[in-house]
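File shown: structure.pdb (PDB, C-alpha atoms and all ligand atoms).
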ATOM      1  CA  MET A   1     -41.542  54.779  14.294  1.00  0.00           C
ATOM      2  CA  ARG A   2     -37.826  55.382  13.677  1.00  0.00           C
ATOM      3  CA  LYS A   3     -37.138  54.566  17.335  1.00  0.00           C
ATOM      4  CA  THR A   4     -39.033  51.249  17.032  1.00  0.00           C
ATOM      5  CA  VAL A   5     -36.969  50.279  13.971  1.00  0.00           C
ATOM      6  CA  ILE A   6     -33.727  51.012  15.805  1.00  0.00           C
ATOM      7  CA  VAL A   7     -34.809  49.007  18.874  1.00  0.00           C
ATOM      8  CA  VAL A   8     -35.907  46.032  16.725  1.00  0.00           C
ATOM      9  CA  SER A   9     -32.602  46.141  14.810  1.00  0.00           C
ATOM     10  CA  VAL A  10     -30.546  46.174  18.018  1.00  0.00           C
ATOM     11  CA  VAL A  11     -32.553  43.275  19.486  1.00  0.00           C
ATOM     12  CA  LEU A  12     -32.209  41.290  16.225  1.00  0.00           C
ATOM     13  CA  ALA A  13     -28.467  41.910  16.046  1.00  0.00           C
ATOM     14  CA  PHE A  14     -28.106  40.727  19.645  1.00  0.00           C
ATOM     15  CA  VAL A  15     -30.157  37.554  19.121  1.00  0.00           C
ATOM     16  CA  LEU A  16     -28.344  36.634  15.890  1.00  0.00           C
ATOM     17  CA  GLY A  17     -24.968  37.425  17.422  1.00  0.00           C
ATOM     18  CA  SER A  18     -25.521  35.062  20.336  1.00  0.00           C
ATOM     19  CA  LEU A  19     -26.993  32.374  18.089  1.00  0.00           C
ATOM     20  CA  SER A  20     -24.159  32.278  15.583  1.00  0.00           C
ATOM     21  CA  PRO A  21     -21.553  30.394  17.711  1.00  0.00           C
ATOM     22  CA  ALA A  22     -24.209  27.768  18.402  1.00  0.00           C
ATOM     23  CA  LEU A  23     -24.973  27.587  14.679  1.00  0.00           C
ATOM     24  CA  VAL A  24     -21.302  27.237  13.768  1.00  0.00           C
ATOM     25  CA  SER A  25     -20.844  24.398  16.227  1.00  0.00           C
ATOM     26  CA  ALA A  26     -24.044  22.672  15.070  1.00  0.00           C
ATOM     27  CA  GLN A  27     -22.767  22.971  11.493  1.00  0.00           C
ATOM     28  CA  LYS A  28     -19.446  21.371  12.517  1.00  0.00           C
ATOM     29  CA  ASN A  29     -21.250  18.459  14.170  1.00  0.00           C
ATOM     30  CA  MET A  30     -23.380  17.955  11.080  1.00  0.00           C
ATOM     31  CA  ASN A  31     -20.292  17.980   8.878  1.00  0.00           C
ATOM     32  CA  SER A  32     -18.600  15.207  10.814  1.00  0.00           C
ATOM     33  CA  THR A  33     -21.801  13.188  11.083  1.00  0.00           C
ATOM     34  CA  PHE A  34     -22.943  13.594   7.487  1.00  0.00           C
ATOM     35  CA  GLY A  35     -19.989  13.167   5.225  1.00  0.00           C
ATOM     36  CA  ALA A  36     -17.424  15.954   5.584  1.00  0.00           C
ATOM     37  CA  MET A  37     -14.167  14.439   6.912  1.00  0.00           C
ATOM     38  CA  SER A  38     -13.318  14.760  10.601  1.00  0.00           C
ATOM     39  CA  SER A  39      -9.688  15.520  11.438  1.00  0.00           C
ATOM     40  CA  ALA A  40      -9.196  11.889  12.550  1.00  0.00           C
ATOM     41  CA  GLN A  41     -10.438  10.733   9.131  1.00  0.00           C
ATOM     42  CA  LYS A  42      -8.108  13.219   7.385  1.00  0.00           C
ATOM     43  CA  MET A  43      -5.107  11.903   9.386  1.00  0.00           C
ATOM     44  CA  GLU A  44      -6.029   8.303   8.470  1.00  0.00           C
ATOM     45  CA  LYS A  45      -6.276   9.262   4.788  1.00  0.00           C
ATOM     46  CA  LYS A  46      -2.794  10.815   4.904  1.00  0.00           C
ATOM     47  CA  LYS A  47      -1.275   7.466   5.904  1.00  0.00           C
ATOM     48  CA  THR A  48       0.047   5.367   3.054  1.00  0.00           C
ATOM     49  CA  LEU A  49      -1.909   2.287   2.020  1.00  0.00           C
ATOM     50  CA  TYR A  50       1.066   0.283   3.307  1.00  0.00           C
ATOM     51  CA  GLN A  51       0.569   1.773   6.789  1.00  0.00           C
ATOM     52  CA  ARG A  52      -3.208   1.367   6.665  1.00  0.00           C
ATOM     53  CA  LEU A  53      -2.792  -2.306   5.753  1.00  0.00           C
ATOM     54  CA  GLY A  54      -0.832  -2.666   8.978  1.00  0.00           C
ATOM     55  CA  GLY A  55       2.772  -2.721   7.686  1.00  0.00           C
ATOM     56  CA  ARG A  56       5.150  -5.639   7.248  1.00  0.00           C
ATOM     57  CA  LYS A  57       3.812  -8.191   9.740  1.00  0.00           C
ATOM     58  CA  ALA A  58       0.178  -7.732   8.696  1.00  0.00           C
ATOM     59  CA  ILE A  59       0.982  -7.920   4.967  1.00  0.00           C
ATOM     60  CA  GLU A  60       3.162 -11.000   5.460  1.00  0.00           C
ATOM     61  CA  ALA A  61       0.291 -12.683   7.307  1.00  0.00           C
ATOM     62  CA  VAL A  62      -2.028 -11.950   4.355  1.00  0.00           C
ATOM     63  CA  ILE A  63       0.578 -13.341   1.911  1.00  0.00           C
ATOM     64  CA  ASP A  64       0.960 -16.573   3.950  1.00  0.00           C
ATOM     65  CA  GLU A  65      -2.806 -17.028   3.942  1.00  0.00           C
ATOM     66  CA  PHE A  66      -3.024 -16.144   0.232  1.00  0.00           C
ATOM     67  CA  VAL A  67      -0.354 -18.699  -0.707  1.00  0.00           C
ATOM     68  CA  ASN A  68      -2.180 -21.407   1.293  1.00  0.00           C
ATOM     69  CA  ILE A  69      -5.455 -20.575  -0.442  1.00  0.00           C
ATOM     70  CA  VAL A  70      -3.797 -20.640  -3.889  1.00  0.00           C
ATOM     71  CA  ALA A  71      -2.093 -23.966  -3.099  1.00  0.00           C
ATOM     72  CA  ALA A  72      -5.525 -25.480  -2.378  1.00  0.00           C
ATOM     73  CA  ASP A  73      -7.225 -23.861  -5.389  1.00  0.00           C
ATOM     74  CA  THR A  74      -7.481 -26.557  -8.053  1.00  0.00           C
ATOM     75  CA  ARG A  75      -8.253 -23.922 -10.709  1.00  0.00           C
ATOM     76  CA  ILE A  76      -4.709 -22.510 -10.551  1.00  0.00           C
ATOM     77  CA  ASN A  77      -2.499 -24.522  -8.184  1.00  0.00           C
ATOM     78  CA  LYS A  78      -0.837 -26.356 -11.092  1.00  0.00           C
ATOM     79  CA  PHE A  79       1.071 -23.135 -11.841  1.00  0.00           C
ATOM     80  CA  PHE A  80       2.585 -23.191  -8.360  1.00  0.00           C
ATOM     81  CA  ALA A  81       3.411 -26.908  -8.047  1.00  0.00           C
ATOM     82  CA  ASP A  82       7.200 -26.395  -8.368  1.00  0.00           C
ATOM     83  CA  THR A  83       7.168 -23.331  -6.111  1.00  0.00           C
ATOM     84  CA  ALA A  84       5.168 -25.052  -3.361  1.00  0.00           C
ATOM     85  CA  GLY A  85       7.385 -28.139  -3.515  1.00  0.00           C
ATOM     86  CA  ASP A  86      10.603 -26.210  -2.837  1.00  0.00           C
ATOM     87  CA  PRO A  87      10.749 -24.374   0.531  1.00  0.00           C
ATOM     88  CA  LYS A  88      13.611 -22.062  -0.554  1.00  0.00           C
ATOM     89  CA  ARG A  89      11.795 -21.076  -3.726  1.00  0.00           C
ATOM     90  CA  LEU A  90       8.540 -20.576  -1.818  1.00  0.00           C
ATOM     91  CA  LYS A  91      10.308 -18.296   0.687  1.00  0.00           C
ATOM     92  CA  LYS A  92      11.824 -16.239  -2.150  1.00  0.00           C
ATOM     93  CA  PHE A  93       8.443 -16.005  -3.896  1.00  0.00           C
ATOM     94  CA  LYS A  94       6.772 -14.737  -0.711  1.00  0.00           C
ATOM     95  CA  GLU A  95       9.564 -12.203  -0.198  1.00  0.00           C
ATOM     96  CA  HIS A  96       9.179 -10.952  -3.748  1.00  0.00           C
ATOM     97  CA  LEU A  97       5.425 -10.676  -3.330  1.00  0.00           C
ATOM     98  CA  PHE A  98       5.873  -8.745  -0.093  1.00  0.00           C
ATOM     99  CA  LYS A  99       8.413  -6.319  -1.605  1.00  0.00           C
ATOM    100  CA  GLN A 100       6.210  -5.759  -4.615  1.00  0.00           C
ATOM    101  CA  ILE A 101       3.096  -5.064  -2.530  1.00  0.00           C
ATOM    102  CA  CYS A 102       5.129  -2.893  -0.166  1.00  0.00           C
ATOM    103  CA  GLU A 103       6.447  -0.768  -3.038  1.00  0.00           C
ATOM    104  CA  ALA A 104       3.073  -0.578  -4.791  1.00  0.00           C
ATOM    105  CA  THR A 105       1.337   0.617  -1.591  1.00  0.00           C
ATOM    106  CA  GLY A 106       3.784   3.361  -0.653  1.00  0.00           C
ATOM    107  CA  GLY A 107       5.970   1.413   1.798  1.00  0.00           C
ATOM    108  CA  ARG A 108       9.684   2.013   1.893  1.00  0.00           C
ATOM    109  CA  CYS A 109      10.736  -1.037  -0.117  1.00  0.00           C
ATOM    110  CA  LYS A 110      12.272  -1.586  -3.490  1.00  0.00           C
ATOM    111  CA  TYR A 111      11.067  -4.594  -5.441  1.00  0.00           C
ATOM    112  CA  LYS A 112      14.082  -6.049  -7.220  1.00  0.00           C
ATOM    113  CA  GLY A 113      12.542  -9.172  -8.728  1.00  0.00           C
ATOM    114  CA  LYS A 114      11.636  -9.682 -12.353  1.00  0.00           C
ATOM    115  CA  ASN A 115       9.093  -7.375 -13.891  1.00  0.00           C
ATOM    116  CA  MET A 116       5.633  -8.870 -14.330  1.00  0.00           C
ATOM    117  CA  LYS A 117       6.076  -9.608 -18.028  1.00  0.00           C
ATOM    118  CA  GLU A 118       9.349 -11.500 -17.530  1.00  0.00           C
ATOM    119  CA  ALA A 119       8.120 -13.267 -14.379  1.00  0.00           C
ATOM    120  CA  HIS A 120       5.055 -14.746 -16.077  1.00  0.00           C
ATOM    121  CA  MET A 121       6.300 -15.151 -19.631  1.00  0.00           C
ATOM    122  CA  GLY A 122       5.442 -18.485 -21.250  1.00  0.00           C
ATOM    123  CA  MET A 123       3.137 -19.605 -18.409  1.00  0.00           C
ATOM    124  CA  GLY A 124       0.069 -19.210 -20.612  1.00  0.00           C
ATOM    125  CA  ILE A 125      -1.945 -17.511 -17.851  1.00  0.00           C
ATOM    126  CA  THR A 126      -5.527 -16.766 -18.930  1.00  0.00           C
ATOM    127  CA  GLU A 127      -7.875 -14.058 -17.752  1.00  0.00           C
ATOM    128  CA  ALA A 128      -9.808 -16.740 -15.804  1.00  0.00           C
ATOM    129  CA  ASP A 129      -6.563 -17.759 -14.036  1.00  0.00           C
ATOM    130  CA  PHE A 130      -5.880 -14.131 -13.205  1.00  0.00           C
ATOM    131  CA  ASN A 131      -9.396 -13.626 -11.830  1.00  0.00           C
ATOM    132  CA  ALA A 132      -9.129 -16.805  -9.757  1.00  0.00           C
ATOM    133  CA  LEU A 133      -5.905 -15.533  -8.199  1.00  0.00           C
ATOM    134  CA  VAL A 134      -7.500 -12.154  -7.412  1.00  0.00           C
ATOM    135  CA  GLU A 135     -10.447 -13.986  -5.828  1.00  0.00           C
ATOM    136  CA  ASP A 136      -7.996 -15.912  -3.621  1.00  0.00           C
ATOM    137  CA  LEU A 137      -6.296 -12.667  -2.628  1.00  0.00           C
ATOM    138  CA  VAL A 138      -9.665 -11.168  -1.648  1.00  0.00           C
ATOM    139  CA  LYS A 139     -10.386 -14.254   0.484  1.00  0.00           C
ATOM    140  CA  ALA A 140      -7.058 -13.769   2.292  1.00  0.00           C
ATOM    141  CA  LEU A 141      -7.735 -10.052   2.830  1.00  0.00           C
ATOM    142  CA  ASP A 142     -11.236 -10.837   4.131  1.00  0.00           C
ATOM    143  CA  LYS A 143      -9.862 -13.392   6.567  1.00  0.00           C
ATOM    144  CA  PHE A 144      -7.926 -10.537   8.196  1.00  0.00           C
ATOM    145  CA  ASN A 145     -10.889  -8.153   7.979  1.00  0.00           C
ATOM    146  CA  VAL A 146      -9.051  -5.678   5.760  1.00  0.00           C
ATOM    147  CA  GLY A 147     -11.392  -2.722   5.157  1.00  0.00           C
ATOM    148  CA  GLU A 148     -13.218  -2.226   1.853  1.00  0.00           C
ATOM    149  CA  THR A 149     -11.285   0.985   1.104  1.00  0.00           C
ATOM    150  CA  GLU A 150      -7.878  -0.628   1.612  1.00  0.00           C
ATOM    151  CA  LYS A 151      -8.941  -3.784  -0.251  1.00  0.00           C
ATOM    152  CA  ASN A 152     -10.126  -1.790  -3.256  1.00  0.00           C
ATOM    153  CA  GLU A 153      -7.018   0.399  -3.247  1.00  0.00           C
ATOM    154  CA  LEU A 154      -4.750  -2.664  -3.188  1.00  0.00           C
ATOM    155  CA  LEU A 155      -6.673  -4.363  -6.007  1.00  0.00           C
ATOM    156  CA  GLY A 156      -6.558  -1.056  -7.891  1.00  0.00           C
ATOM    157  CA  ALA A 157      -2.757  -1.010  -7.553  1.00  0.00           C
ATOM    158  CA  LEU A 158      -2.361  -4.617  -8.776  1.00  0.00           C
ATOM    159  CA  GLY A 159      -5.058  -4.563 -11.468  1.00  0.00           C
ATOM    160  CA  PRO A 160      -3.002  -2.691 -14.091  1.00  0.00           C
ATOM    161  CA  MET A 161      -0.416  -5.527 -14.012  1.00  0.00           C
ATOM    162  CA  LYS A 162      -2.946  -7.824 -15.662  1.00  0.00           C
ATOM    163  CA  GLY A 163      -1.917  -6.801 -19.193  1.00  0.00           C
ATOM    164  CA  ASP A 164       1.656  -8.011 -18.535  1.00  0.00           C
ATOM    165  CA  ILE A 165       0.598 -11.278 -16.866  1.00  0.00           C
ATOM    166  CA  VAL A 166      -2.266 -12.629 -18.990  1.00  0.00           C
ATOM    167  CA  GLU A 167      -1.075 -14.199 -22.241  1.00  0.00           C
ATOM    168  CA  LYS A 168      -4.135 -15.986 -23.586  1.00  0.00           C
TER     169      LYS A 168
HETATM  170  C1  LIG B 201      -1.670  -9.072  -9.894  1.00  0.00           C
HETATM  171  C2  LIG B 201      -1.387 -10.360 -10.003  1.00  0.00           C
HETATM  172  C3  LIG B 201      -0.006 -10.946  -9.779  1.00  0.00           C
HETATM  173  C4  LIG B 201       1.067 -10.439  -9.116  1.00  0.00           C
HETATM  174  C5  LIG B 201       1.169  -9.122  -8.378  1.00  0.00           C
HETATM  175  C6  LIG B 201       2.126 -11.421  -9.207  1.00  0.00           C
HETATM  176  C7  LIG B 201       3.393 -11.262  -8.655  1.00  0.00           C
HETATM  177  C8  LIG B 201       4.432 -12.143  -8.838  1.00  0.00           C
HETATM  178  C9  LIG B 201       5.779 -11.936  -8.357  1.00  0.00           C
HETATM  179  C10 LIG B 201       6.268 -10.725  -7.588  1.00  0.00           C
HETATM  180  C11 LIG B 201       6.509 -13.004  -8.713  1.00  0.00           C
HETATM  181  C12 LIG B 201       8.007 -13.253  -8.424  1.00  0.00           C
HETATM  182  C13 LIG B 201       8.857 -12.821  -9.578  1.00  0.00           C
HETATM  183  C14 LIG B 201      10.332 -13.131  -9.345  1.00  0.00           C
HETATM  184  O1  LIG B 201      10.650 -14.187  -8.801  1.00  0.00           O
HETATM  185  O2  LIG B 201      11.200 -12.312  -9.718  1.00  0.00           O
HETATM  186  C15 LIG B 201       5.621 -13.908  -9.411  1.00  0.00           C
HETATM  187  C16 LIG B 201       5.967 -15.134  -9.881  1.00  0.00           C
HETATM  188  C17 LIG B 201       5.065 -16.074 -10.266  1.00  0.00           C
HETATM  189  N1  LIG B 201       3.736 -15.891 -10.520  1.00  0.00           N
HETATM  190 FE1  LIG B 201       2.721 -14.175 -10.288  1.00  0.00          FE
HETATM  191  N2  LIG B 201       1.690 -12.484  -9.920  1.00  0.00           N
HETATM  192  C18 LIG B 201       0.378 -12.243 -10.286  1.00  0.00           C
HETATM  193  C19 LIG B 201      -0.430 -13.068 -11.000  1.00  0.00           C
HETATM  194  C20 LIG B 201      -0.160 -14.398 -11.245  1.00  0.00           C
HETATM  195  C21 LIG B 201      -1.111 -15.356 -11.776  1.00  0.00           C
HETATM  196  C22 LIG B 201      -2.543 -15.014 -12.197  1.00  0.00           C
HETATM  197  C23 LIG B 201      -0.470 -16.562 -11.795  1.00  0.00           C
HETATM  198  C24 LIG B 201      -0.983 -17.886 -12.223  1.00  0.00           C
HETATM  199  C25 LIG B 201      -2.243 -18.227 -12.112  1.00  0.00           C
HETATM  200  C26 LIG B 201       0.886 -16.341 -11.314  1.00  0.00           C
HETATM  201  C27 LIG B 201       1.869 -17.298 -11.214  1.00  0.00           C
HETATM  202  C28 LIG B 201       3.171 -17.068 -10.870  1.00  0.00           C
HETATM  203  C29 LIG B 201       4.193 -18.116 -10.812  1.00  0.00           C
HETATM  204  C30 LIG B 201       3.988 -19.591 -11.094  1.00  0.00           C
HETATM  205  C31 LIG B 201       5.381 -17.486 -10.455  1.00  0.00           C
HETATM  206  C32 LIG B 201       6.755 -18.161 -10.255  1.00  0.00           C
HETATM  207  C33 LIG B 201       6.935 -18.466  -8.792  1.00  0.00           C
HETATM  208  C34 LIG B 201       8.328 -18.936  -8.477  1.00  0.00           C
HETATM  209  O3  LIG B 201       9.271 -18.136  -8.534  1.00  0.00           O
HETATM  210  O4  LIG B 201       8.472 -20.104  -8.156  1.00  0.00           O
HETATM  211  N3  LIG B 201       1.032 -15.024 -10.987  1.00  0.00           N
HETATM  212  N4  LIG B 201       4.376 -13.362  -9.472  1.00  0.00           N
END
Is it possible to give me this structure as structure tokens?
Ligand code: HEM
Amino acid sequence: MRKTVIVVSVVLAFVLGSLSPALVSAQKNMNSTFGAMSSAQKMEKKKTLYQRLGGRKAIEAVIDEFVNIVAADTRINKFFADTAGDPKRLKKFKEHLFKQICEATGGRCKYKGKNMKEAHMGMGITEADFNALVEDLVKALDKFNVGETEKNELLGALGPMKGDIVEK
């Protein structure tokens, strides 16, 4: 009887021992398929939002598109009539927007324009105006197929500025 127990134990230990590497690798595959982050996903996550958005050229392309959409948006384009009518002023505005987005998303830029309170003071911007502008920004981001994660992170970085921009 004792001999049988020993033999069974040895056989069991052998079977389990040879199974375990297969189990570990199956577990790894399941992790990457069902939720746990693969190393490629971890590397992507380590990149700044600025990098994930595609850096300067990609962000400038979104800003150009955004400004065109705003200029055609009759809900809010009255605010930008003077800006749109003056190429130098429009260029400066786009530069300021870029620097601000760059800084807010972890790029190596320093925004040196007015703070949001000063920049929008006296314009009488309402919450509806603010939401319309955010909607236009989303349209521009969608045009360039910016991913949901990056889109939400960018909106999350700009959202807190609302309190300084909306006056009514
Ligand atoms: C999160 C939302 C917003 C951000 C990040 C933002 C950002 C900026 C920045 C960086 C400037 C330039 C400031 C400077 O020249 O020093 C600016 C100016 C301006 N913003 Fe906004 N803004 C936002 C919302 C709005 C809204 C909702 C409106 C109106 C509907 C608006 C209208 C303007 C106008 C008219 C200017 C002046 C443009 C010029 O210099 O000619 N902004 N904004």
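For the pair atom CA of A:Ala104 and atom CA of A:Ile125, the separation is 22.0 Å.
Compared by their closest atoms to A:Asn115, and using all atoms listed in the file, the residues A:Met43, A:Ala58, A:Ile165, A:Leu133 rank with A:Ile165 nearest.
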Among the residues A:Glu60, A:Glu135, A:Asp73, A:Asp164, the one that comes closest to A:Phe93 [using all atoms listed in the file]: A:Glu60
Residues matched by the PyMOL selection byres (((not hetatm)) within 8 of (chain B and resi 201)) as a PyMOL selection string: chain A and resi 76-77+79-84+89-90+92-94+96-101+112-116+119-120+123+125-127+129-134+155+158-162+165-166
Save the residues we just selected, C-alpha atoms, as an mmCIF file, keeping the file's coordinate frame?
data_model
loop_
_atom_site.group_PDB
_atom_site.id
_atom_site.type_symbol
_atom_site.label_atom_id
_atom_site.label_comp_id
_atom_site.auth_asym_id
_atom_site.auth_seq_id
_atom_site.Cartn_x
_atom_site.Cartn_y
_atom_site.Cartn_z
ATOM 1 C CA ILE A 76 -4.709 -22.510 -10.551
ATOM 2 C CA ASN A 77 -2.499 -24.522 -8.184
ATOM 3 C CA PHE A 79 1.071 -23.135 -11.841
ATOM 4 C CA PHE A 80 2.585 -23.191 -8.360
ATOM 5 C CA ALA A 81 3.411 -26.908 -8.047
ATOM 6 C CA ASP A 82 7.200 -26.395 -8.368
ATOM 7 C CA THR A 83 7.168 -23.331 -6.111
ATOM 8 C CA ALA A 84 5.168 -25.052 -3.361
ATOM 9 C CA ARG A 89 11.795 -21.076 -3.726
ATOM 10 C CA LEU A 90 8.540 -20.576 -1.818
ATOM 11 C CA LYS A 92 11.824 -16.239 -2.150
ATOM 12 C CA PHE A 93 8.443 -16.005 -3.896
ATOM 13 C CA LYS A 94 6.772 -14.737 -0.711
ATOM 14 C CA HIS A 96 9.179 -10.952 -3.748
ATOM 15 C CA LEU A 97 5.425 -10.676 -3.330
ATOM 16 C CA PHE A 98 5.873 -8.745 -0.093
ATOM 17 C CA LYS A 99 8.413 -6.319 -1.605
ATOM 18 C CA GLN A 100 6.210 -5.759 -4.615
ATOM 19 C CA ILE A 101 3.096 -5.064 -2.530
ATOM 20 C CA LYS A 112 14.082 -6.049 -7.220
ATOM 21 C CA GLY A 113 12.542 -9.172 -8.728
ATOM 22 C CA LYS A 114 11.636 -9.682 -12.353
ATOM 23 C CA ASN A 115 9.093 -7.375 -13.891
ATOM 24 C CA MET A 116 5.633 -8.870 -14.330
ATOM 25 C CA ALA A 119 8.120 -13.267 -14.379
ATOM 26 C CA HIS A 120 5.055 -14.746 -16.077
ATOM 27 C CA MET A 123 3.137 -19.605 -18.409
ATOM 28 C CA ILE A 125 -1.945 -17.511 -17.851
ATOM 29 C CA THR A 126 -5.527 -16.766 -18.930
ATOM 30 C CA GLU A 127 -7.875 -14.058 -17.752
ATOM 31 C CA ASP A 129 -6.563 -17.759 -14.036
ATOM 32 C CA PHE A 130 -5.880 -14.131 -13.205
ATOM 33 C CA ASN A 131 -9.396 -13.626 -11.830
ATOM 34 C CA ALA A 132 -9.129 -16.805 -9.757
ATOM 35 C CA LEU A 133 -5.905 -15.533 -8.199
ATOM 36 C CA VAL A 134 -7.500 -12.154 -7.412
ATOM 37 C CA LEU A 155 -6.673 -4.363 -6.007
ATOM 38 C CA LEU A 158 -2.361 -4.617 -8.776
ATOM 39 C CA GLY A 159 -5.058 -4.563 -11.468
ATOM 40 C CA PRO A 160 -3.002 -2.691 -14.091
ATOM 41 C CA MET A 161 -0.416 -5.527 -14.012
ATOM 42 C CA LYS A 162 -2.946 -7.824 -15.662
ATOM 43 C CA ILE A 165 0.598 -11.278 -16.866
ATOM 44 C CA VAL A 166 -2.266 -12.629 -18.990
#
Between atom CA of A:Arg108 and atom CA of A:Ile59, distance in Å (one decimal):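 Between atom CA of A:Arg108 and atom CA of A:Ile59 the gap is 13.6 Å.
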